[in-house]
file entry.pdb (PDB, C-alpha atoms)
ATOM      1  CA  MET A   1     -20.516   7.717  15.558
ATOM      2  CA  GLY A   2     -20.062  11.384  14.653
ATOM      3  CA  THR A   3     -18.557  12.208  18.049
ATOM      4  CA  TYR A   4     -16.218   9.248  17.799
ATOM      5  CA  LEU A   5     -15.019  10.223  14.325
ATOM      6  CA  THR A   6     -14.491  13.829  15.405
ATOM      7  CA  ARG A   7     -12.453  12.736  18.409
ATOM      8  CA  ARG A   8     -10.314  10.394  16.326
ATOM      9  CA  LEU A   9      -9.665  13.087  13.736
ATOM     10  CA  LEU A  10      -8.639  15.529  16.460
ATOM     11  CA  ILE A  11      -6.246  12.920  17.865
ATOM     12  CA  ALA A  12      -4.817  12.393  14.394
ATOM     13  CA  ILE A  13      -3.755  16.048  14.066
ATOM     14  CA  PRO A  14      -0.967  15.985  16.717
ATOM     15  CA  SER A  15       0.067  12.546  15.473
ATOM     16  CA  LEU A  16       0.547  13.865  11.933
ATOM     17  CA  LEU A  17       2.382  16.923  13.248
ATOM     18  CA  GLY A  18       4.769  14.725  15.220
ATOM     19  CA  ILE A  19       5.342  12.462  12.243
ATOM     20  CA  SER A  20       6.005  15.436   9.975
ATOM     21  CA  VAL A  21       8.544  16.897  12.420
ATOM     22  CA  ILE A  22      10.447  13.598  12.596
ATOM     23  CA  LEU A  23      10.389  13.078   8.829
ATOM     24  CA  PHE A  24      11.463  16.633   8.062
ATOM     25  CA  THR A  25      14.298  16.544  10.607
ATOM     26  CA  ILE A  26      15.633  13.214   9.327
ATOM     27  CA  LEU A  27      15.579  14.402   5.717
ATOM     28  CA  ALA A  28      17.191  17.722   6.646
ATOM     29  CA  LEU A  29      20.037  16.013   8.536
ATOM     30  CA  ALA A  30      20.531  13.244   5.973
ATOM     31  CA  PRO A  31      23.777  13.363   3.961
ATOM     32  CA  GLY A  32      23.669  14.550   0.387
ATOM     33  CA  ASP A  33      22.805  17.791  -1.328
ATOM     34  CA  PRO A  34      20.105  18.155  -4.000
ATOM     35  CA  PHE A  35      22.303  20.764  -5.698
ATOM     36  CA  GLU A  36      25.443  18.668  -5.702
ATOM     37  CA  GLU A  37      25.484  18.591  -9.513
ATOM     38  CA  LEU A  38      25.226  22.371  -9.639
ATOM     39  CA  ALA A  39      28.104  22.716  -7.196
ATOM     40  CA  SER A  40      30.334  20.559  -9.393
ATOM     41  CA  ASN A  41      29.331  22.361 -12.604
ATOM     42  CA  PRO A  42      31.942  25.045 -13.431
ATOM     43  CA  ALA A  43      29.551  26.732 -15.860
ATOM     44  CA  ILE A  44      27.329  27.924 -12.991
ATOM     45  CA  PRO A  45      28.802  30.833 -10.992
ATOM     46  CA  PRO A  46      28.967  30.460  -7.209
ATOM     47  CA  ASP A  47      26.762  33.520  -6.651
ATOM     48  CA  VAL A  48      24.008  31.946  -8.801
ATOM     49  CA  ARG A  49      24.183  28.752  -6.761
ATOM     50  CA  ALA A  50      24.038  30.784  -3.545
ATOM     51  CA  GLN A  51      21.013  32.769  -4.756
ATOM     52  CA  LEU A  52      19.234  29.566  -5.765
ATOM     53  CA  ARG A  53      19.817  27.964  -2.375
ATOM     54  CA  ALA A  54      18.693  31.144  -0.607
ATOM     55  CA  SER A  55      15.512  31.332  -2.694
ATOM     56  CA  LEU A  56      14.626  27.781  -1.631
ATOM     57  CA  GLY A  57      15.606  28.394   2.001
ATOM     58  CA  LEU A  58      18.089  25.521   2.094
ATOM     59  CA  ASP A  59      20.526  27.503   4.247
ATOM     60  CA  ASP A  60      17.903  28.513   6.829
ATOM     61  CA  PRO A  61      17.712  26.791  10.241
ATOM     62  CA  ILE A  62      15.755  23.549  10.308
ATOM     63  CA  HIS A  63      12.903  24.923  12.412
ATOM     64  CA  GLU A  64      12.362  27.852  10.033
ATOM     65  CA  ARG A  65      12.367  25.526   7.032
ATOM     66  CA  TYR A  66       9.876  23.234   8.738
ATOM     67  CA  LEU A  67       7.519  26.104   9.591
ATOM     68  CA  SER A  68       7.693  27.312   5.989
ATOM     69  CA  TRP A  69       6.932  23.795   4.743
ATOM     70  CA  LEU A  70       4.049  23.352   7.197
ATOM     71  CA  THR A  71       2.531  26.723   6.311
ATOM     72  CA  ALA A  72       2.710  25.892   2.619
ATOM     73  CA  MET A  73       1.170  22.447   3.220
ATOM     74  CA  LEU A  74      -1.754  23.983   5.107
ATOM     75  CA  ARG A  75      -2.334  26.255   2.109
ATOM     76  CA  GLY A  76      -2.301  23.215  -0.196
ATOM     77  CA  GLU A  77       1.115  24.029  -1.670
ATOM     78  CA  TRP A  78       3.372  20.963  -1.574
ATOM     79  CA  GLY A  79       6.352  22.699  -3.140
ATOM     80  CA  TYR A  80       8.268  21.972  -6.315
ATOM     81  CA  SER A  81      10.495  19.077  -7.255
ATOM     82  CA  PHE A  82      14.185  20.021  -7.282
ATOM     83  CA  VAL A  83      14.769  17.761 -10.290
ATOM     84  CA  SER A  84      11.775  18.135 -12.602
ATOM     85  CA  ARG A  85      10.657  21.622 -11.411
ATOM     86  CA  ILE A  86       7.073  20.284 -11.397
ATOM     87  CA  PRO A  87       4.717  20.832  -8.425
ATOM     88  CA  VAL A  88       4.942  17.886  -6.046
ATOM     89  CA  ASP A  89       1.185  17.436  -5.787
ATOM     90  CA  GLN A  90       0.979  17.258  -9.573
ATOM     91  CA  LEU A  91       3.701  14.581  -9.651
ATOM     92  CA  ILE A  92       1.871  12.503  -7.050
ATOM     93  CA  LEU A  93      -1.532  12.885  -8.708
ATOM     94  CA  GLN A  94      -0.038  11.769 -12.031
ATOM     95  CA  ARG A  95       1.182   8.498 -10.541
ATOM     96  CA  LEU A  96      -1.358   7.825  -7.808
ATOM     97  CA  PRO A  97      -4.145   6.360 -10.036
ATOM     98  CA  THR A  98      -1.776   3.712 -11.427
ATOM     99  CA  THR A  99      -0.592   2.690  -7.959
ATOM    100  CA  ILE A 100      -4.125   2.588  -6.553
ATOM    101  CA  ALA A 101      -5.373   0.513  -9.494
ATOM    102  CA  VAL A 102      -2.580  -2.060  -9.235
ATOM    103  CA  ILE A 103      -2.569  -2.293  -5.440
ATOM    104  CA  GLY A 104      -6.361  -2.172  -5.116
ATOM    105  CA  LEU A 105      -6.871  -5.020  -7.582
ATOM    106  CA  ALA A 106      -4.020  -6.960  -5.955
ATOM    107  CA  GLN A 107      -5.698  -6.711  -2.558
ATOM    108  CA  ILE A 108      -9.003  -7.884  -4.037
ATOM    109  CA  VAL A 109      -7.190 -10.888  -5.502
ATOM    110  CA  ALA A 110      -5.533 -11.545  -2.119
ATOM    111  CA  LEU A 111      -8.850 -11.443  -0.250
ATOM    112  CA  CYS A 112     -10.531 -13.655  -2.859
ATOM    113  CA  ILE A 113      -7.795 -16.216  -2.211
ATOM    114  CA  ALA A 114      -7.384 -15.893   1.564
ATOM    115  CA  LEU A 115     -11.016 -15.833   2.711
ATOM    116  CA  PRO A 116     -12.415 -18.980   1.039
ATOM    117  CA  VAL A 117      -9.202 -20.996   1.328
ATOM    118  CA  GLY A 118      -8.579 -20.035   4.967
ATOM    119  CA  VAL A 119     -12.167 -20.640   6.083
ATOM    120  CA  TYR A 120     -12.486 -23.944   4.217
ATOM    121  CA  ALA A 121      -9.136 -25.165   5.570
ATOM    122  CA  ALA A 122     -10.139 -24.258   9.139
ATOM    123  CA  SER A 123     -13.487 -26.023   8.800
ATOM    124  CA  ARG A 124     -11.589 -29.213   7.872
ATOM    125  CA  PRO A 125      -8.431 -29.036   9.958
ATOM    126  CA  TYR A 126      -5.566 -31.419   9.196
ATOM    127  CA  SER A 127      -7.300 -32.699   6.067
ATOM    128  CA  ILE A 128      -5.499 -33.061   2.749
ATOM    129  CA  PHE A 129      -6.901 -29.696   1.612
ATOM    130  CA  ASP A 130      -5.726 -28.037   4.838
ATOM    131  CA  GLN A 131      -2.215 -29.443   4.536
ATOM    132  CA  LEU A 132      -1.990 -28.492   0.857
ATOM    133  CA  ALA A 133      -3.252 -24.963   1.579
ATOM    134  CA  ASN A 134      -0.733 -24.530   4.409
ATOM    135  CA  THR A 135       2.116 -25.762   2.229
ATOM    136  CA  LEU A 136       1.239 -23.427  -0.640
ATOM    137  CA  ALA A 137       0.759 -20.532   1.788
ATOM    138  CA  PHE A 138       4.208 -21.067   3.295
ATOM    139  CA  ILE A 139       5.738 -21.189  -0.170
ATOM    140  CA  GLY A 140       3.777 -18.115  -1.270
ATOM    141  CA  PHE A 141       4.865 -15.712   1.443
ATOM    142  CA  SER A 142       8.387 -17.158   1.649
ATOM    143  CA  LEU A 143       9.186 -16.175  -1.938
ATOM    144  CA  PRO A 144       9.942 -12.440  -2.300
ATOM    145  CA  THR A 145       8.002 -10.461  -4.875
ATOM    146  CA  PHE A 146      11.081  -9.682  -6.959
ATOM    147  CA  PHE A 147      11.696 -13.433  -7.392
ATOM    148  CA  THR A 148       8.125 -14.315  -8.365
ATOM    149  CA  GLY A 149       8.021 -11.256 -10.609
ATOM    150  CA  LEU A 150      11.100 -12.386 -12.516
ATOM    151  CA  LEU A 151       9.677 -15.922 -12.786
ATOM    152  CA  MET A 152       6.458 -14.575 -14.284
ATOM    153  CA  ILE A 153       8.409 -12.414 -16.726
ATOM    154  CA  LEU A 154      10.466 -15.412 -17.845
ATOM    155  CA  LEU A 155       7.413 -17.634 -18.239
ATOM    156  CA  PHE A 156       4.641 -15.385 -19.574
ATOM    157  CA  SER A 157       6.672 -12.716 -21.375
ATOM    158  CA  ILE A 158       9.813 -14.396 -22.702
ATOM    159  CA  HIS A 159       8.905 -18.056 -23.198
ATOM    160  CA  LEU A 160       5.162 -17.837 -23.915
ATOM    161  CA  ASP A 161       5.046 -14.217 -25.143
ATOM    162  CA  TRP A 162       1.560 -13.743 -23.711
ATOM    163  CA  LEU A 163       2.002 -10.617 -21.582
ATOM    164  CA  PRO A 164       4.199  -7.500 -21.810
ATOM    165  CA  PHE A 165       6.743  -7.158 -19.004
ATOM    166  CA  VAL A 166       7.199  -3.363 -19.266
ATOM    167  CA  PHE A 167       4.340  -1.067 -18.286
ATOM    168  CA  ARG A 168       3.582   1.496 -20.987
ATOM    169  CA  THR A 169       1.640   4.725 -20.556
ATOM    170  CA  ASP A 170       1.754   5.710 -24.233
ATOM    171  CA  ILE A 171      -0.700   3.119 -25.534
ATOM    172  CA  GLU A 172      -2.057   4.340 -28.856
ATOM    173  CA  ALA A 173      -5.175   2.153 -28.824
ATOM    174  CA  THR A 174      -8.606   3.547 -27.963
ATOM    175  CA  GLY A 175     -11.868   2.195 -26.591
ATOM    176  CA  LEU A 176     -12.052  -1.434 -25.528
ATOM    177  CA  ASP A 177      -8.696  -2.164 -27.110
ATOM    178  CA  TRP A 178      -7.063   0.393 -24.768
ATOM    179  CA  TRP A 179      -8.656  -1.244 -21.725
ATOM    180  CA  TRP A 180      -7.505  -4.660 -22.937
ATOM    181  CA  GLN A 181      -3.920  -3.467 -23.387
ATOM    182  CA  MET A 182      -3.951  -1.891 -19.917
ATOM    183  CA  LEU A 183      -5.329  -5.099 -18.404
ATOM    184  CA  ARG A 184      -2.666  -7.249 -20.113
ATOM    185  CA  GLN A 185       0.206  -5.193 -18.750
ATOM    186  CA  THR A 186      -1.195  -5.096 -15.191
ATOM    187  CA  ILE A 187      -1.974  -8.819 -14.856
ATOM    188  CA  MET A 188       1.524  -9.849 -13.749
ATOM    189  CA  PRO A 189       2.127  -7.118 -11.125
ATOM    190  CA  ILE A 190      -1.372  -7.631  -9.735
ATOM    191  CA  MET A 191      -0.837 -11.386  -9.455
ATOM    192  CA  VAL A 192       2.620 -10.974  -7.898
ATOM    193  CA  LEU A 193       1.289  -8.729  -5.128
ATOM    194  CA  GLY A 194      -2.018 -10.585  -4.816
ATOM    195  CA  LEU A 195      -0.493 -14.040  -4.450
ATOM    196  CA  PHE A 196       2.068 -12.815  -1.920
ATOM    197  CA  GLN A 197      -0.541 -11.076   0.250
ATOM    198  CA  GLY A 198      -3.083 -13.861  -0.245
ATOM    199  CA  ALA A 199      -0.626 -16.493   0.985
ATOM    200  CA  ALA A 200       0.126 -14.517   4.143
ATOM    201  CA  TRP A 201      -3.512 -13.694   4.863
ATOM    202  CA  THR A 202      -4.611 -17.301   4.348
ATOM    203  CA  ARG A 203      -2.690 -18.310   7.453
ATOM    204  CA  TYR A 204      -4.293 -15.534   9.512
ATOM    205  CA  VAL A 205      -7.805 -16.315   8.261
ATOM    206  CA  ARG A 206      -7.336 -20.005   9.064
ATOM    207  CA  ALA A 207      -6.042 -19.271  12.581
ATOM    208  CA  ALA A 208      -8.816 -16.769  13.318
ATOM    209  CA  THR A 209     -11.489 -19.153  12.021
ATOM    210  CA  LEU A 210     -10.123 -22.032  14.109
ATOM    211  CA  ASP A 211     -10.390 -19.887  17.243
ATOM    212  CA  VAL A 212     -14.036 -19.026  16.544
ATOM    213  CA  ILE A 213     -15.212 -22.383  15.245
ATOM    214  CA  ARG A 214     -14.595 -23.988  18.662
ATOM    215  CA  LEU A 215     -16.617 -21.431  20.659
ATOM    216  CA  ASP A 216     -19.800 -22.343  22.510
ATOM    217  CA  HIS A 217     -22.213 -20.342  20.362
ATOM    218  CA  VAL A 218     -21.049 -22.240  17.258
ATOM    219  CA  THR A 219     -21.601 -25.569  19.036
ATOM    220  CA  THR A 220     -25.053 -24.371  20.130
ATOM    221  CA  ALA A 221     -25.926 -23.403  16.553
ATOM    222  CA  ARG A 222     -24.985 -26.890  15.373
ATOM    223  CA  ALA A 223     -27.031 -28.446  18.156
ATOM    224  CA  LYS A 224     -30.068 -26.502  16.929
ATOM    225  CA  GLY A 225     -29.677 -28.168  13.536
ATOM    226  CA  LEU A 226     -28.730 -25.109  11.503
ATOM    227  CA  PRO A 227     -27.123 -25.809   8.126
ATOM    228  CA  GLU A 228     -23.328 -25.820   8.184
ATOM    229  CA  SER A 229     -23.107 -23.120   5.503
ATOM    230  CA  ARG A 230     -25.332 -20.791   7.555
ATOM    231  CA  ILE A 231     -23.279 -21.445  10.688
ATOM    232  CA  THR A 232     -20.052 -20.713   8.836
ATOM    233  CA  ILE A 233     -21.239 -17.475   7.269
ATOM    234  CA  LEU A 234     -23.235 -15.968  10.144
ATOM    235  CA  HIS A 235     -21.560 -17.309  13.276
ATOM    236  CA  VAL A 236     -17.985 -18.096  12.282
ATOM    237  CA  VAL A 237     -16.779 -15.865   9.476
ATOM    238  CA  ARG A 238     -18.167 -12.612  10.825
ATOM    239  CA  ASN A 239     -16.523 -13.030  14.224
ATOM    240  CA  ALA A 240     -13.310 -14.372  12.736
ATOM    241  CA  MET A 241     -12.944 -11.299  10.515
ATOM    242  CA  ILE A 242     -12.204  -8.930  13.431
ATOM    243  CA  PRO A 243      -8.486  -9.812  13.762
ATOM    244  CA  VAL A 244      -8.244 -10.153   9.977
ATOM    245  CA  VAL A 245      -9.577  -6.606   9.530
ATOM    246  CA  THR A 246      -6.877  -5.381  11.889
ATOM    247  CA  LEU A 247      -4.210  -7.169   9.887
ATOM    248  CA  VAL A 248      -5.450  -5.927   6.512
ATOM    249  CA  ALA A 249      -5.890  -2.331   7.689
ATOM    250  CA  LEU A 250      -2.461  -2.126   9.321
ATOM    251  CA  GLN A 251      -0.710  -3.796   6.396
ATOM    252  CA  MET A 252      -2.335  -1.669   3.711
ATOM    253  CA  PRO A 253       0.170   1.228   4.022
ATOM    254  CA  ALA A 254       2.986  -1.336   4.094
ATOM    255  CA  VAL A 255       1.612  -2.771   0.864
ATOM    256  CA  PHE A 256       2.073   0.637  -0.765
ATOM    257  CA  GLY A 257       5.685   0.574   0.372
ATOM    258  CA  GLY A 258       6.164  -3.051  -0.606
ATOM    259  CA  ALA A 259       4.852  -2.304  -4.081
ATOM    260  CA  ILE A 260       8.024  -0.271  -4.684
ATOM    261  CA  VAL A 261       9.883  -3.461  -5.629
ATOM    262  CA  THR A 262       7.112  -4.651  -7.926
ATOM    263  CA  GLU A 263       6.872  -1.259  -9.620
ATOM    264  CA  GLN A 264      10.606  -1.301 -10.237
ATOM    265  CA  ILE A 265      10.495  -4.803 -11.765
ATOM    266  CA  PHE A 266       7.662  -4.056 -14.177
ATOM    267  CA  ARG A 267       8.607  -0.385 -14.718
ATOM    268  CA  ILE A 268       5.252   0.826 -13.427
ATOM    269  CA  PRO A 269       5.128   4.649 -13.174
ATOM    270  CA  GLY A 270       3.631   4.655  -9.705
ATOM    271  CA  ILE A 271       4.299   6.218  -6.316
ATOM    272  CA  GLY A 272       6.960   3.622  -5.490
ATOM    273  CA  SER A 273       9.108   4.362  -8.523
ATOM    274  CA  LEU A 274       8.672   8.084  -7.863
ATOM    275  CA  LEU A 275       9.973   7.624  -4.317
ATOM    276  CA  ILE A 276      12.998   5.598  -5.461
ATOM    277  CA  THR A 277      13.884   8.166  -8.125
ATOM    278  CA  SER A 278      13.529  11.007  -5.633
ATOM    279  CA  ILE A 279      15.749   9.280  -3.059
ATOM    280  CA  LEU A 280      18.485   8.667  -5.633
ATOM    281  CA  SER A 281      18.404  12.333  -6.702
ATOM    282  CA  ASN A 282      17.997  13.806  -3.167
ATOM    283  CA  ASP A 283      14.703  15.391  -4.218
ATOM    284  CA  THR A 284      13.672  16.303  -0.663
ATOM    285  CA  PRO A 285      10.231  17.879  -1.353
ATOM    286  CA  VAL A 286       9.033  14.774  -3.188
ATOM    287  CA  ILE A 287      10.453  12.386  -0.565
ATOM    288  CA  MET A 288       8.794  14.373   2.214
ATOM    289  CA  ALA A 289       5.440  14.466   0.435
ATOM    290  CA  VAL A 290       5.361  10.747  -0.436
ATOM    291  CA  THR A 291       6.402   9.585   3.038
ATOM    292  CA  PHE A 292       3.889  11.961   4.605
ATOM    293  CA  VAL A 293       1.167  10.468   2.389
ATOM    294  CA  PHE A 294       2.155   7.023   3.684
ATOM    295  CA  ALA A 295       1.792   8.320   7.251
ATOM    296  CA  ILE A 296      -1.686   9.637   6.462
ATOM    297  CA  LEU A 297      -2.609   6.225   5.047
ATOM    298  CA  VAL A 298      -1.608   4.542   8.313
ATOM    299  CA  ILE A 299      -3.945   6.780  10.323
ATOM    300  CA  VAL A 300      -6.800   6.539   7.807
ATOM    301  CA  PHE A 301      -6.717   2.749   7.603
ATOM    302  CA  ASN A 302      -6.556   2.467  11.405
ATOM    303  CA  LEU A 303      -9.728   4.543  11.558
ATOM    304  CA  VAL A 304     -11.368   2.366   8.892
ATOM    305  CA  ALA A 305     -10.477  -0.755  10.886
ATOM    306  CA  ASP A 306     -12.046   0.672  14.059
ATOM    307  CA  ILE A 307     -15.249   1.500  12.173
ATOM    308  CA  LEU A 308     -15.443  -1.991  10.687
ATOM    309  CA  TYR A 309     -15.117  -3.497  14.185
ATOM    310  CA  GLY A 310     -18.511  -2.114  15.143
ATOM    311  CA  TRP A 311     -20.103  -3.496  11.993
ATOM    312  CA  LEU A 312     -18.625  -6.958  12.521
ATOM    313  CA  ASP A 313     -19.274  -7.125  16.276
ATOM    314  CA  PRO A 314     -22.435  -5.323  17.551
ATOM    315  CA  ARG A 315     -21.081  -5.529  21.097
ATOM    316  CA  ILE A 316     -18.519  -2.841  20.223
ATOM    317  CA  SER A 317     -19.834   0.671  20.808
ATOM    318  CA  TYR A 318     -18.310   3.978  19.747
ATOM    319  CA  ARG A 319     -17.827   6.284  22.696
TER     320      ARG A 319
END

call {"tool": "encode", "arguments": {"input": "entry.pdb", "output": "structure tokens"}}
result
Amino acid sequence: MGTYLTRRLLIAIPSLLGISVILFTILALAPGDPFEELASNPAIPPDVRAQLRASLGLDDPIHERYLSWLTAMLRGEWGYSFVSRIPVDQLILQRLPTTIAVIGLAQIVALCIALPVGVYAASRPYSIFDQLANTLAFIGFSLPTFFTGLLMILLFSIHLDWLPFVFRTDIEATGLDWWWQMLRQTIMPIMVLGLFQGAAWTRYVRAATLDVIRLDHVTTARAKGLPESRITILHVVRNAMIPVVTLVALQMPAVFGGAIVTEQIFRIPGIGSLLITSILSNDTPVIMAVTFVFAILVIVFNLVADILYGWLDPRISYR
């Protein structure tokens, strides 16, 4: 296992370097100037604008700017935001816990929906439950998150007045009351993301379970008289989870990107809203850092999926 992990981490280094080169080049060649407002401000002399650009290296060749960025990244210095003048790593760390909490709980909700519903529907194919589950799953992943988010706001916030529709970070409560207020304002975004992902994953779990439930070793287990619950848990679900693990691991970084819409709807101060704000203001250091973090997530979750394969299927060996 140790040799396998070391080899995968060594392979990840050139992959991350290649991704960083592409991202940096695209952002450097993209139209727009982060100092466009300064250029149009007559109160700022041209020589001051020129000195500011020179101090940040914006007029240097792209390869020199990239090497400077890479050297700083290796030292743990992510640069400063052009807009807020705050270190980029500090900006990300301020918003990352909120994003992880919302997305993490949403994925737990999605798995709690997809696994039992998908397995139960596959064990009784073409039954009323199976048809109802398929219908609701199609409806669930056909509706975009911004639509379901607005529906929840209209129902639970405006008409029923049960939940707040704007995420607040300045809650004055303390103790259990603070946790309750935080839970109330995260219920809707968690359910929006969780229901959307759960509907999509239900279809994959059902299909994977149907493929396994017809295999010979499952038929043999039934012929031996084993209880159906034991057969489902030990012989069906474990083998059916291999393609599902691949799907969940590969979609996890996309979920972080897809949460941008949900964060904008509920005004959640997370990574998604930070990325949108940075794109609108041409804040290149923040855009580069956030997109690079997404690239790291892709590689990390691929590695996690490969490790889980060996746990789910003992026939897989790490070499």

call {"tool": "atom_distance", "arguments": {"input": "entry.pdb", "atom1": "atom CA of A:Asn282", "atom2": "atom CA of A:Ile268"}}
result
20.9 Å

call {"tool": "resolve_selection", "arguments": {"input": "entry.pdb", "expression": "the PyMOL selection byres ((chain A and resi 125-130) around 12)", "output": "CSV table (one decimal) with C-alpha atoms, in the coordinates of the input"}}
result
chain,number,residue,atom,x,y,z
A,116,PRO,CA,-12.4,-19.0,1.0
A,117,VAL,CA,-9.2,-21.0,1.3
A,118,GLY,CA,-8.6,-20.0,5.0
A,119,VAL,CA,-12.2,-20.6,6.1
A,120,TYR,CA,-12.5,-23.9,4.2
A,121,ALA,CA,-9.1,-25.2,5.6
A,122,ALA,CA,-10.1,-24.3,9.1
A,123,SER,CA,-13.5,-26.0,8.8
A,124,ARG,CA,-11.6,-29.2,7.9
A,131,GLN,CA,-2.2,-29.4,4.5
A,132,LEU,CA,-2.0,-28.5,0.9
A,133,ALA,CA,-3.3,-25.0,1.6
A,134,ASN,CA,-0.7,-24.5,4.4
A,135,THR,CA,2.1,-25.8,2.2
A,136,LEU,CA,1.2,-23.4,-0.6
A,137,ALA,CA,0.8,-20.5,1.8
A,202,THR,CA,-4.6,-17.3,4.3
A,203,ARG,CA,-2.7,-18.3,7.5
A,206,ARG,CA,-7.3,-20.0,9.1
A,207,ALA,CA,-6.0,-19.3,12.6
A,209,THR,CA,-11.5,-19.2,12.0
A,210,LEU,CA,-10.1,-22.0,14.1
A,211,ASP,CA,-10.4,-19.9,17.2
A,213,ILE,CA,-15.2,-22.4,15.2
A,214,ARG,CA,-14.6,-24.0,18.7

call {"tool": "residues_near_point", "arguments": {"input": "entry.pdb", "point": "(5.1, -2.9, -11.9)", "cutoff": "10 Å", "atoms": "only C-alpha atoms", "output": "ChimeraX atom specification"}}
result
/A:98-99,102,149,165-167,185-190,192-193,259-270,272-273

call {"tool": "atom_distance", "arguments": {"input": "entry.pdb", "atom1": "atom CA of A:Ile13", "atom2": "atom CA of A:Arg65"}}
result
20.0 Å

call {"tool": "resolve_selection", "arguments": {"input": "entry.pdb", "expression": "the PyMOL selection byres ((chain A and resi 247) around 12)", "output": "ChimeraX atom specification"}}
result
/A:111,197,200-205,208,240-246,248-255,301-302,304-306

call {"tool": "closest_residue", "arguments": {"input": "entry.pdb", "among": "A:Met191, A:Met182, A:Ile287, A:Ile158", "to": "A:Gly104", "atoms": "all atoms listed in the file"}}
result
A:Met191

call {"tool": "residues_around", "arguments": {"input": "entry.pdb", "residues": "A:Leu96", "least_positions_apart": "4", "cutoff": "8 Å", "atoms": "only C-alpha atoms", "output": "list in words"}}
result
Ile92, Ile100, Gly270 and Ile271 of chain A

call {"tool": "closest_residue", "arguments": {"input": "entry.pdb", "among": "A:Trp179, A:Trp78, A:Leu154, A:Leu303", "to": "A:Leu5", "atoms": "all atoms listed in the file"}}
result
A:Leu303

call {"tool": "residues_near_point", "arguments": {"input": "entry.pdb", "point": "(-23.0, -20.7, 7.2)", "cutoff": "12 Å", "atoms": "all atoms listed in the file", "output": "number ranges by chain"}}
result
A: 119-120, 123, 213, 218, 221-222, 225-238

call {"tool": "atom_distance", "arguments": {"input": "entry.pdb", "atom1": "atom CA of A:Glu64", "atom2": "atom CA of A:Val286"}}
result
18.9 Å

call {"tool": "residues_around", "arguments": {"input": "entry.pdb", "residues": "stretch 18-33 of chain A", "least_positions_apart": "4", "cutoff": "10 Å", "atoms": "all atoms listed in the file", "output": "list of chain:residue names"}}
result
A:Ala12, A:Ile13, A:Pro14, A:Glu37, A:Leu38, A:Ala39, A:Leu58, A:Pro61, A:Ile62, A:His63, A:Arg65, A:Tyr66, A:Leu67, A:Trp69, A:Leu70, A:Leu280, A:Ser281, A:Asn282, A:Asp283, A:Thr284, A:Pro285, A:Ile287, A:Met288, A:Ala289, A:Thr291, A:Phe292, A:Ala295, A:Ile296

call {"tool": "closest_residue", "arguments": {"input": "entry.pdb", "among": "A:Val300, A:Ala101, A:Phe147, A:Val290", "to": "A:Leu275", "atoms": "all atoms listed in the file"}}
result
A:Val290

call {"tool": "closest_residue", "arguments": {"input": "entry.pdb", "among": "A:Leu308, A:Leu274, A:Leu195, A:Ile171", "to": "A:Arg95", "atoms": "all atoms listed in the file"}}
result
A:Leu274
